[in-house]
Structures are given as C-alpha cells and as structure tokens.
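Report on the structure given below.
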Amino acid sequence: MGTEKLSKIFNPQRIAVIGASDREDSVGTKLLRNLIGVGYKGVVYPVNPFRPTVHGITAYPNIKRIPRQIDLAIIATPAHTVPQIVEECGTAGVSGIIIVSAGFKEAGEEGEAFEKQILEHKNRYNMRIIGPNSLGVMRPRIKFNASFANKAANSGKIAFISQSAALCASVLDWASEAHVGFSAVVSVGSMLDVDFGDLVDYFGTDPQTTSIVLYIESIKNARKFVSATRGFARTKPIIVVKAGRFPESAEAALSHTGALCGEDAVYGAAFRRAGIVRVEAINNLFSCAEALAMQPNPKGPNLTIISNAGGPGIMATDFLIAKGGKLPALSSKTIHALDSVLPSYCSTQNPIDILEEATADRFRKVMEICFKDLNSDGFLIIYTPQGAADPDETAKIIVELSTQIKKPILTSLIGEDSCRNAKRILRKNGIPAFATPEQAVSTFMYMHGYTKNLELLYETPEEFSVDLSIPKFLKEVLETAFKKGQKVLNTHESLHFLEAYKIPTIKTLVAKTSEEAITAASKLGYPVVLKVLSPQIVHKSKVEGVVLNVWTPAQVKRFFKELAEKVREYKSGAEFHGVAIQPMIQKKSGEILIGSKKDPHFGSVIVFGMGGVATELLKDVNIGFPPLNQVLARRLMEKTAIYKLLESSECPVCAKLEEILVKFSQLVIDFPEIKEIDINPIMVSENDAVAVDARIVIDTEVILRKVQPHEHTVITPYPKKYIAQWKSKDGTSVVLRPIKPEDEPLLYELFQSFSEETMRFRFFQVIKDMPHVTLTRYCNIDYNREIAIVAEEKKDKRRIIGASRLILEPGQKRGEFAVVVGDQWQGLGLGSKLVDYILEISRDMMLETISGDILSRNLKMIRLCTKKGFKIESVDEDTVRATMGLF
C-alpha cells in the first residue's frame with residue numbers, strides 16, 4: 001500500500017478515541033486530554049458504549065454512530081475487543097488506525113489470532129494501522145498529540161520513529177530539557193502494518209522534516225526498508241540506533257561465511273549500503289541529526305581543533321584518533337599567519353591552544369586564519385569559561401565567521417550556567433554546541449561516515465564484462481545433488497560454478513582410487529595438493545583432510561590411503577569419495593575468503609576478508625549485499641586488513657579481486673538455491689588470484705517450492721529481462737535496456753546533444769550543465785522504485801540516443817513516465833517505441849495507472865500519447881497530463 005492514507009493518520013481532521021474514559025490515569029483519559037484544549041484544530045469524538053459523555057464531551061457507543069466521516073481511530077480497549085472494532089472502523093470508512101492496546105502476539109497464540117483477524121479486516125477495507133503496542137503519534141507543529149505520553153514534543157525538524165514505546169517517552173523528557181524539537185514522533189509498536197519503510201517514505205517527502213531518526217530493534221520488511229532509505233538518504237540524513245547488537249547465541253553454520261555473518265554485522269552493512277548513519281547511543285541520535293541538518297558534510301576525516309584550554313584539546317585529539325579521524329598538519333602558510341597573531345608561547349600546531357588568557361578577538365583572528373586552511377575538512381572550537389573571552393561574544397564571532405566557509409563547524413562550550421545563552425546563540429544560527437569535546441568529535445566522525453556512505457550512492461563505477469545468462473547445467477547439478485540427499489556440494493562440484501562465471505579457478509581433478517590419483521598428479525605436474533572428498537566432512541581442516549606439497553607417486557599413494565582412513569575414523573558411516581587433486585601454488589601474497597550466506601531478514605549477503613584455516617579466529621571480514629559493481633566491490637574490500645596489506649604493497653591483483661567480486665555477486669543473484677557458499681581460500685599473488693577451494697550449501701526449501709525472482713536479494717538486481725533488440729525506420733540496430741550506474745559518461749553525451757527545445761520539453765527548463773551528482777541520480781537507481789530504459793546504438797562507437805523513465809509511487813500501483821530522444825535521432829520511431837516499451841514494463845509490474853506531464857507546446861508528444869490511448873487533461877496553462885489506466 002502507498003503512503004497516501006498515512007496523511008489521514010498524521011494530519012487528520014476528525015478523530016475517534018475508542019476507549020475514551022473518565023477514569024483518572026487511564027490510557028483513554030490521557031489520549032483524550034492530549035488531543036483537546038491544546039490547540040489542535042481537528043474534531044475529537046470520544047467512543048465509549050457505557051457513558052453518554054466523557055470529560056463533558058458527547059460520547060458515542062461505537063464508531064458507526066458518529067455522524068461524520070472519521071479519518072483516524074485511536075483504539076485503547078482490551079485486545080480481545082480490537083478485531084471487531086477494526087472491522088467496524090472499516091465499514092465506517094475510516095482510513096487510519098492507531099492501536100495502543102497490548103496483549104497480542106507477545107501474549108501467545110490467542111493474541112496472534114487477534115492479529116490475524118485485524119490484518120484480514122485491514123486488507124478488506126484498505127486501511128493503514130500503526131501498532132499494536134504503540135504509544136501513539138505526535139505532530140507538534142499542528143498541536144496534534146495522539147499519544148498517552150505525559151509530555152508533548154516541541155516543534156522542530158526531526159522525525160523520530162521508535163520501536164520502543166518506553167524509549168519514546170524517555171526521549172520526550174530528555175528532548176524537553178535539551179530544547180530538541182520534532183516534526184513528528186511515531187511509536188511504531190509491533191508493526192503489524194505500518195513499518196519503518198512506510199514511515200521513511202512518508203517523512204522523506206514531508207517538507208517539515210529535514211532529518212529522520214530511528215530507534216530499531218528489528219526490521220520487518222528488509223527490502224522495503226532498504227529501498228526507502230536508499231531513496232531518501234541523499235536528501236535527508238537518516239540516523240539510526242540499533243538495539244540488540246550482541247545476541248547470546250547464533251545459529252550453527254556449515255560454512256566459514258555463515259559463522260562470520262552475525263546479525264548485527266549484517267544490519268551494519270545494510271545501513272551503510274542505504275546511506276544511513278549508525279550511532280551507538282541515544283544522545284548521539286539527535287546531536288548527529290541536528291549537525292547533519294545544520295552543517296555541510298565534511299569531505300574527509302581531517303579535523304582542526306582550536307581551544308582556549310590545553311587539556312580539553314588533547315582529550316579531543318585522543319578521541320578523534322581513537323575514532324579513526326585525523327588531525328591534519330596545518331599548512332606552512334597557516335602556521336606563519338598564526339605566528340603573526342599569537343604570542344610565542346602559544347602552540348600553533350594542531351590542536352591549537354590559544355590559552356585561557358585569550359580574548360574573543362584572539363579567537364576571531366585564529367579562526368579567520370584556520371578557516372582558510374586547505375588541509376582541514378572541519379573545525380572544532382572548544383571554549384572553557386575560565387578565560388578572558390566572553391562566551392556570548394565568542395559565540396557571535398563564530399556565527400559571523402561561519403558564513404564565510406562551506407566546511408562544518410562544531411563547538412564545545414564546557415560550562416552550564418555561564419554558557420547557556422552562548423549555546424542558544426550558536427544553535428539558533430545552525431551551529432551545533434556540545435557539552436563535551438568528545439561528543440563534538442563523535443558527531444564529526446558520524447558526519448564523515450555519512451559522507452562516505454553517500455559516496456557509495458554517487459561514485460561512478462568502471463564497467464566489467466559480466467555474462468548475464470544463467471548456465472542451465474548448474475541448475476541441474478543442484479537438483480541432482482538434492483535428489484541424492486546431498487546438502488553440501490564437494491570441492492570439485494563447487495568449483496564448476498566458479499568456472500562457469502569466469503572466476504579464476506585452479507585446475508582440479510578427482511580420483512576415486514590411488515591409481516587414478518597418481519595418473520592425475522602426473523597430468524597436473526608435481527608438487528600437488530590432495531583434498532579429501534566426503535559428504536560428511538564439511539571443514540576439511542578439522543580432520544587434517546588436506547595434504548600439501550606432495551612430490552612423488554609414492555607419496556600420492558600413501559597420502560590417499562591415509563585420507564581414506566581419516567574418513568573412516570571421523571564418523572561411523574562416513575563415505576570416502578576419493579580426493580581432489582590440484583597443483584601446489586608455491587608463491588602467494590595472501591589468502592582471501594569470498595562467500596555468501598542467506599540472512600533471515602536481509603537475504604543473501606556477501607563476505608570478503610582474510611581466508612585460510614584461521615578465518616573464523618581472525619574475523620578480518622566485511623559484509624556487503626548483491627548486486628555489486630566495481631565501486632561497491634572496492635568499498636567492501638577497503639575495510640579489511642588483508643586488503644590494506646595488499647594495497648600497501650601496490651599489488652595489481654586488487655583490481656582483479658574487484659572483478660571477481662562482481663562476478664561472484666552475479667552468481668549469488670542467479671542462484672537462490674544456494675544457501676551458503678565459500679570460496680576459501682583464493683590464493684593471491686602479486687598479479688593473480690585463483691580459487692583453490694569452494695563449498696556450496698544447498699537451500700532445499702527453495703528447490704522444493706517455486707520462489708519469486710530475486711526473492712533472496714534485499715536490493716533488486718539489474719532487470720535483465722527488460723533487455724530487447726529493436727530496429728529504427730532507417731534500419732539502425734538499437735538495444736533497449738535498463739540503465740546502469742556505469743552509463744554516466746554515455747548519458748552525459750546524450751545530454752550535451754540536446755537542443756534548447758528538446759531540453760525544455762524534457763526538463764521544463766533549459767539546463768546549462770548536468771553535474772556528476774545529478775547524472776548519478778539518473779543512472780544509479782533503485783530498480784524496485786524506478787526503471788529507466790536507454791536506447792543504445794553501436795555504429796562507430798557506443799552511444800545512448802534516447803531514454804525513457806518510469807518512477808513508481810510508494811505502494812507501486814501508479815507510475816509517472818518521461819521520454820526523450822536526442823535531436824539527430826528524432827523522427828525514426830524511437831520515441832514511439834520507448835513509450836510502447838514503458839507501457840509494456842508498466843503492465844509487467846502490475847501498475848494500475850501511468851501518467852506523464854507534458855508541456856502544452858510539445859505537440860508531437862501530445863499527438864503520440866493521444867494515438868497510444870492516453871487521456872489528455874489540462875494541469876495549467878503551460879502543462880497537460882497524459883494518463884492511461886492499464887487494468
């Protein structure tokens with residue numbers, strides 16, 4: 001469902017409080033009191049079947065007896081009554097419901113049955129529900145407080161969405177003292193219907209909200225959540241605290257990858273991929289949200305610290321380094337300028353200590369100089385009230401100078417009473433003020449993390465050649481293994497998958513007898529490696545099932561026998577299927593692990609890190625999500641120590657590993673039948689990387705049931721089914737295909753080819769330039785929310801000659817389209833084809849309607865749409881809208 005009905009919850013005109021009561025301290029009483037007499041302009045109707053009035057207001061026995069159409073019903077009655085009340089709300093035409101009642105799924109089977117009934121009624125009557133177990137919602141700007149909280153929120157620009165009702169109440173108490181305001185406060189409760197993804201979609205387009213703050217315990221619909229947050233993280237900072245970071249137990253895993261992918265690590269990877277800032281504590285949530293909304297993002301981790309006290313400056317430096325930040329060396333020009341304004345006994349090195357004797361004017365001179373330093377990405381001003389500088393005057397100077405730079409300025413004013421007004425001056429003018437230097441440094445590093453996360457959304461990757469066809473014989477390998485009762489493919493079978501995806505793989509032969517082993521070793525050339533093959537032995541190292549440096553036929557024979565004996569000793573009934581034989585790699589720079597496993601919430605994840613037998617002990621890994629491109633692959637690797645080691649030695653192999661990860665990502669996308677897969681190790685030398693061992697765990701549930709395409713991926717992969725061939729009127733062969741992040745240079749060339757008229761018809765204005773950030777927005781898209789089809793011709797070179805775009809509304813029932821063709825390719829039927837193809841894709845995506853706005857002067861497009869069956873309606877004197885119902 002879309003977000004349109006959520007406006008009935010967050011901006012209702014008429015509200016029914018079902019369970020309103022005269023009893024003091026009851027939830028019904030608190031709900032009613034928070035809504036009446038506080039300035040909210042809507043109408044509130046108490047519903048209570050046992051009283052004619054509640055708190056002097058006429059009460060109604062049920063919602064159907066209320067004479068007006070109700071937008072929002074708030075239910076505060078015992079759990080067993082709620083399903084019937086929800087049904088009554090549906091028949092009465094109510095759009096939104098908040099259930100504050102408890103006693104549902106958390107109370108056992110009976111409560112779970114209540115939830116099922118509520119969902120049935122919700123779906124039948126097309127309603128949206130927040131809760132159960134919700135504290136309620138608030139919209140302070142319109143004085144709307146549909147909660148039973150004891151304290152109302154101040155008005156502000158932060159949307160706070162919490163899974164914990166108790167935490168919501170605590171944050172409201174804290175925020176009142178800290179003068180933090182909210183555009184909305186939402187307690188989501190059990191998320192029976194409305195969840196984090198819905199609310200990010202709603203507040204992402206809310207003009208009163210500049211940042212979104214989330215307290216998360218678990219995510220119900222990971223795909224919706226990641227899609228929504230990716231969509232808005234570019235324009236509105238999203239900050240999250242995730243509770244439950246260290247679960248006491250983890251499900252037993254059959255692969256190294258499974259053991260290394262803890263739930264919290266997967267959540268962290270999802271937040272990074274979506275561009276979300278993850279903070280560690282509640283107080284960081286709001287300071288970070290305010291700073292990101294007030295200040296420009298730092299371009300790097302380099303922080304310059306200016307303080308009138310040495311101790312706090314040193315403490316801030318220690319904390320900065322511990323958090324991964326950097327204290328940049330000031331340029332010689334900056335140091336020379338500081339020497340000219342500071343006494344000789346002052347430190348002109350970063351952190352700059354201007355001493356307690358510093359006046360406000362000394363602060364001014366030092367800041368004017370440092371703010372011009374090119375090595376600095378941000379500034380922290382630390383003030384202690386012991387000195388000569390007046391706090392208010394210093395704050396005003398900081399405000400004045402802040403307008404001269406486009407780098408973040410954070411402040412720490414250490415003192416309560418003496419600095420209270422100065423902090424107010426700073427915050428009023430968009431400069432964050434912190435009680436301690438550590439809080440300020442922590443916020444700067446979170447801001448830097450946000451910048452790094454956004455780079456993932458903006459950086460243009462290099463293009464790798466990846467075959468998008470799925471090797472069908474591999475599907476047969478999995479099905480055959482499943483029929484035999486196999487849960488795990490052996491090394492040789494698993495390596496076949498890598499070979500099919502052109503991932504460099506060591507030549508491997510299988511021998512079932514010692515004689516076959518000697519023959520295979522002779523073919524490969526000595527020395528060789530022998531690896532035991534047994535369906536019962538998953539980790540060969542645990543039974544010493546790998547023999548290295550085998551040099552002679554006699555050794556092959558002896559070790560073959562020993563490996564067979566180890567299988568028999570390992571477990572009664574264990575089967576020995578022979579050995580895998582490979583050439584021994586003599587030179588290597590390191591061992592790498594690449595793997596994937598299915599997370600219960602986020603589907604298939606990808607792991608990269610240090611490989612070998614000590615993988616689980618060292619835990620030098622990082623987690624990402626398919627699909628990967630070259631940029632995402634590099635970012636996945638960058639956080640590991642093994643990558644830093646390889647990069648420091650300037651190994652060309654790093655680029656090869658990027659390509660391997662992109663191909664591996666495609667393998668994971670293509671095979672939902674794979675539950676876990678390890679490539680461990682990949683032997684890395686200076687110029688090469690080769691997989692020497694692999695293991696695939698079969699997902700038997702997927703083989704048994706028919707799954708939806710890409711059900712196992714939280715991010716929708718490249719929709720290759722929309723690749724098509726077409727010929728223009730002049731016989732030119734054109735490929736119609738979905739756009740990719742790698743298309744940015746080609747799209748820029750198309751943009752440059754537009755005449756003023758074409759540009760005005762497409763963008764409703766003449767655009768002089770299309771910067772990288774804007775182009776990235778057009779190329780790096782979420783295929784779950786929009787599809788852009790480009791028309792590519794390959795005569796003398798590759799070029800994009802036209803494009804169409806379909807953007808889906810949340811709920812994915814309606815879409816908006818646009819089409820453009822380069823001037824020199826107009827009149828060849830391409831525009832008509834692109835419209836037809838967008839209609840075809842819209843029907844495939846089960847959209848109900850599609851529409852597009854067209855300038856009234858664009859007569860060709862209006863005629864084309866009319867011919868296709870669109871209904872043309874006037875929007876204003878300059879614009880018409882073409883609309884078509886599809887089903």
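Numbering starts fresh at 1 for the residues of each chain in the structure tokens, the chains themselves are lettered A, B, ... in the order given, and ligands are numbered from 1 as they appear.
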### DSSP alpha helix (DSSP H) selection over range 660-793 of chain A, as a PyMOL selection string
chain A and resi 660-670+700-704+744-753+756-763+772-779
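Proximity to range 754-763 of chain A at 8 Å, evaluated using only C-alpha atoms and with sequence-adjacent residues fewer than 6 positions away removed, yields Ala818, Val819, Val820, Gly822, Asp823, Ile854, Leu855 and Asn858 of chain A.
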### Distance query range 195-199 of chain A at most 12 Å, only C-alpha atoms, self and fewer than 6 positions along chain excluded, as a ChimeraX atom specification
/A:1-7,9-10,128-132,134,137,159-163,184-189,205-206,209,212-232,238,240,809-811
Generate a file of the selected residues that holds C-alpha atoms, formatted as a short mmCIF file (atom, residue, chain, number, x, y, z; two decimals), in the first residue's frame.
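Saved the output as selection.cif:
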```cif
data_model
loop_
_atom_site.label_atom_id
_atom_site.label_comp_id
_atom_site.auth_asym_id
_atom_site.auth_seq_id
_atom_site.Cartn_x
_atom_site.Cartn_y
_atom_site.Cartn_z
CA MET A 1 0.00 0.00 0.00
CA GLY A 2 1.12 3.57 -0.63
CA THR A 3 1.69 6.41 1.79
CA GLU A 4 -1.36 8.43 0.76
CA LYS A 5 -3.51 7.02 3.60
CA LEU A 6 -0.81 7.85 6.15
CA SER A 7 -1.75 11.53 5.82
CA ILE A 9 -3.01 9.39 10.48
CA PHE A 10 -0.56 12.31 10.64
CA ARG A 128 -3.45 1.64 7.47
CA ILE A 129 -2.67 0.67 11.05
CA ILE A 130 0.06 1.77 13.47
CA GLY A 131 0.62 -0.61 16.38
CA PRO A 132 -0.44 -2.58 18.38
CA SER A 134 2.06 1.87 20.24
CA VAL A 137 2.00 9.67 17.33
CA ALA A 159 11.08 12.93 12.61
CA PHE A 160 11.68 10.46 15.47
CA ILE A 161 10.42 6.91 14.85
CA SER A 162 10.84 4.38 17.65
CA GLN A 163 10.13 0.70 18.08
CA ALA A 184 6.87 14.09 14.23
CA VAL A 185 7.19 11.43 16.90
CA VAL A 186 5.97 7.94 15.99
CA SER A 187 5.85 4.88 18.22
CA VAL A 188 5.52 2.01 15.73
CA GLY A 189 4.76 -0.71 18.28
CA THR A 205 8.65 13.72 1.26
CA ASP A 206 7.43 15.73 4.27
CA THR A 209 11.18 17.15 8.13
CA ILE A 212 14.84 11.16 10.18
CA VAL A 213 15.90 9.44 13.40
CA LEU A 214 15.16 5.75 14.04
CA TYR A 215 15.36 3.51 17.08
CA ILE A 216 15.30 -0.05 15.73
CA GLU A 217 15.13 -3.42 17.44
CA SER A 218 14.30 -5.42 14.32
CA ILE A 219 13.19 -4.81 10.74
CA LYS A 220 10.04 -6.48 9.46
CA ASN A 221 10.39 -5.91 5.71
CA ALA A 222 14.08 -5.50 4.88
CA ARG A 223 13.61 -4.90 1.15
CA LYS A 224 11.07 -2.11 1.71
CA PHE A 225 13.27 -0.56 4.41
CA VAL A 226 16.47 -0.57 2.34
CA SER A 227 14.63 0.71 -0.73
CA ALA A 228 13.02 3.59 1.17
CA THR A 229 16.18 4.65 2.98
CA ARG A 230 18.32 4.46 -0.19
CA GLY A 231 15.75 6.67 -1.88
CA PHE A 232 15.91 9.48 0.67
CA ILE A 238 18.72 9.16 8.29
CA VAL A 240 19.70 5.03 13.48
CA GLU A 809 4.81 5.76 -6.31
CA PRO A 810 5.14 4.04 -2.91
CA GLY A 811 2.69 1.17 -2.98
#
```
#### Entry: Point-to-point distance from CA of Thr436 in chain A to CA of Ala291 in chain A, Å rounded to tenths
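Computed distance, CA of Thr436 in chain A to CA of Ala291 in chain A, equals 15.0 Å.
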At most 12 Å is the cut-off: for each residue in range 692-786 of chain A with any atom that close to an atom of range 607-625 of chain A, write down the nearest atom pair and the distance in Å rounded to one decimal, counting only C-alpha atoms, chain first then increasing number, as a Markdown table.
```
| residue | atom | partner | partner_atom | distance |
| --- | --- | --- | --- | --- |
| A:Val692 | CA | A:Gly612 | CA | 10.7 |
| A:Asp693 | CA | A:Gly612 | CA | 10.0 |
| A:Ala694 | CA | A:Gly611 | CA | 11.6 |
| A:His712 | CA | A:Phe625 | CA | 10.8 |
| A:Thr713 | CA | A:Phe625 | CA | 7.9 |
| A:Val714 | CA | A:Phe625 | CA | 7.7 |
| A:Ile715 | CA | A:Phe625 | CA | 7.5 |
| A:Thr716 | CA | A:Phe625 | CA | 10.4 |
| A:Pro717 | CA | A:Phe625 | CA | 10.3 |
```
### Message
I'd like the contact shell of range 42-52 of chain A - 12 Å cut-off, only C-alpha atoms, skipping same-chain residues fewer than 6 positions apart - returned as an NGL selection string.
### Response
:A and (8 or 10-23 or 28-29 or 31-36 or 58-77 or 85 or 89 or 142-146)
### Message
If we count only C-alpha atoms and set the cut-off at 7 Å, which residues sit around Ile118 in chain A, ignoring sequence neighbours fewer than 3 positions away in its own chain? Please answer as a list in words.
### Response
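Here the answer would be Pro83, Val86, Phe114, Glu115, His121 and Lys122 of chain A.
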Written selection (C-alpha atoms) as an mmCIF file, in the first residue's frame:
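What follows is the written file part.cif:
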```
data_model
loop_
_atom_site.group_PDB
_atom_site.id
_atom_site.type_symbol
_atom_site.label_atom_id
_atom_site.label_comp_id
_atom_site.auth_asym_id
_atom_site.auth_seq_id
_atom_site.Cartn_x
_atom_site.Cartn_y
_atom_site.Cartn_z
ATOM 1 C CA PRO A 83 -10.563 -7.129 15.913
ATOM 2 C CA VAL A 86 -11.193 -2.608 13.497
ATOM 3 C CA PHE A 114 -6.307 -11.450 17.136
ATOM 4 C CA GLU A 115 -3.562 -10.008 14.911
ATOM 5 C CA HIS A 121 -10.064 -6.507 8.177
ATOM 6 C CA LYS A 122 -7.293 -4.041 7.282
#
```
### Task
Could you give me, as a list in words, each residue of range 479-539 of chain A that DSSP assigns to strand (DSSP E) when run on this structure's backbone?
Val488, Leu489, Leu509, Val510, Ala511, Val528, Val529, Leu530, Lys531 and Val532 of chain A
### Query
With only C-alpha atoms as the basis for distance, which of A:Glu463, A:Asp264, A:Glu591, A:Glu109 is at the shortest distance from Ser685 in chain A?
A:Glu591
### Message
Given only C-alpha atoms as the basis, pick out the residue of A:Val277, A:Ala389, A:Ala803, A:Ile739 nearest to Phe751 in chain A.
### Response
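With only C-alpha atoms as the atom set, the closest residue is A:Ala803.
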### Query
Pick from A:His710, A:Phe817, A:Glu647, A:Ile506: nearest to Ala689 in chain A, with only C-alpha atoms counted?
A:Ile506
#### Entry: Selection: 7 Å around Cys288 in chain A, only C-alpha atoms, excl. self and same-chain fewer than 3 positions, as an MDAnalysis selection string
chainID A and resid 284:285 291:292 443 446
### Query
Contacts of Val441 in chain A at 8 Å or less, counting only C-alpha atoms, minus same-chain residues fewer than 6 places along, as a PyMOL selection string?
chain A and resi 316+319-320+380
Selected residues, all heavy atoms, written as a PDB file, in the first residue's frame, please.
```
ATOM      1  N   ALA A 316      40.226  15.852  23.128  1.00  0.00           N
ATOM      2  CA  ALA A 316      39.511  15.789  21.849  1.00  0.00           C
ATOM      3  C   ALA A 316      40.366  15.104  20.789  1.00  0.00           C
ATOM      4  O   ALA A 316      39.864  14.298  19.994  1.00  0.00           O
ATOM      5  CB  ALA A 316      39.132  17.197  21.395  1.00  0.00           C
ATOM      6  N   PHE A 319      40.439  11.305  21.365  1.00  0.00           N
ATOM      7  CA  PHE A 319      39.163  10.705  20.980  1.00  0.00           C
ATOM      8  C   PHE A 319      39.031  10.652  19.463  1.00  0.00           C
ATOM      9  O   PHE A 319      38.526   9.676  18.897  1.00  0.00           O
ATOM     10  CB  PHE A 319      38.014  11.507  21.593  1.00  0.00           C
ATOM     11  CG  PHE A 319      36.725  10.754  21.666  1.00  0.00           C
ATOM     12  CD1 PHE A 319      36.536   9.745  22.606  1.00  0.00           C
ATOM     13  CD2 PHE A 319      35.680  11.037  20.804  1.00  0.00           C
ATOM     14  CE1 PHE A 319      35.340   9.046  22.681  1.00  0.00           C
ATOM     15  CE2 PHE A 319      34.486  10.337  20.857  1.00  0.00           C
ATOM     16  CZ  PHE A 319      34.319   9.343  21.804  1.00  0.00           C
ATOM     17  N   LEU A 320      39.493  11.704  18.795  1.00  0.00           N
ATOM     18  CA  LEU A 320      39.442  11.756  17.333  1.00  0.00           C
ATOM     19  C   LEU A 320      40.242  10.618  16.715  1.00  0.00           C
ATOM     20  O   LEU A 320      39.751   9.915  15.814  1.00  0.00           O
ATOM     21  CB  LEU A 320      39.987  13.104  16.849  1.00  0.00           C
ATOM     22  CG  LEU A 320      40.096  13.298  15.325  1.00  0.00           C
ATOM     23  CD1 LEU A 320      38.713  13.422  14.706  1.00  0.00           C
ATOM     24  CD2 LEU A 320      40.925  14.532  14.992  1.00  0.00           C
ATOM     25  N   LEU A 380      36.615  22.254  15.109  1.00  0.00           N
ATOM     26  CA  LEU A 380      36.012  22.153  16.432  1.00  0.00           C
ATOM     27  C   LEU A 380      36.557  23.298  17.283  1.00  0.00           C
ATOM     28  O   LEU A 380      37.777  23.405  17.487  1.00  0.00           O
ATOM     29  CB  LEU A 380      36.350  20.803  17.081  1.00  0.00           C
ATOM     30  CG  LEU A 380      36.009  20.665  18.571  1.00  0.00           C
ATOM     31  CD1 LEU A 380      34.526  20.906  18.829  1.00  0.00           C
ATOM     32  CD2 LEU A 380      36.419  19.286  19.094  1.00  0.00           C
TER      33      LEU A 380
END
```
### Message
What's the separation between CA of Ala724 in chain A and CA of Leu736 in chain A, in Å to one decimal place?
### Response
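So the two atoms, CA of Ala724 in chain A and CA of Leu736 in chain A, lie 5.1 Å apart.
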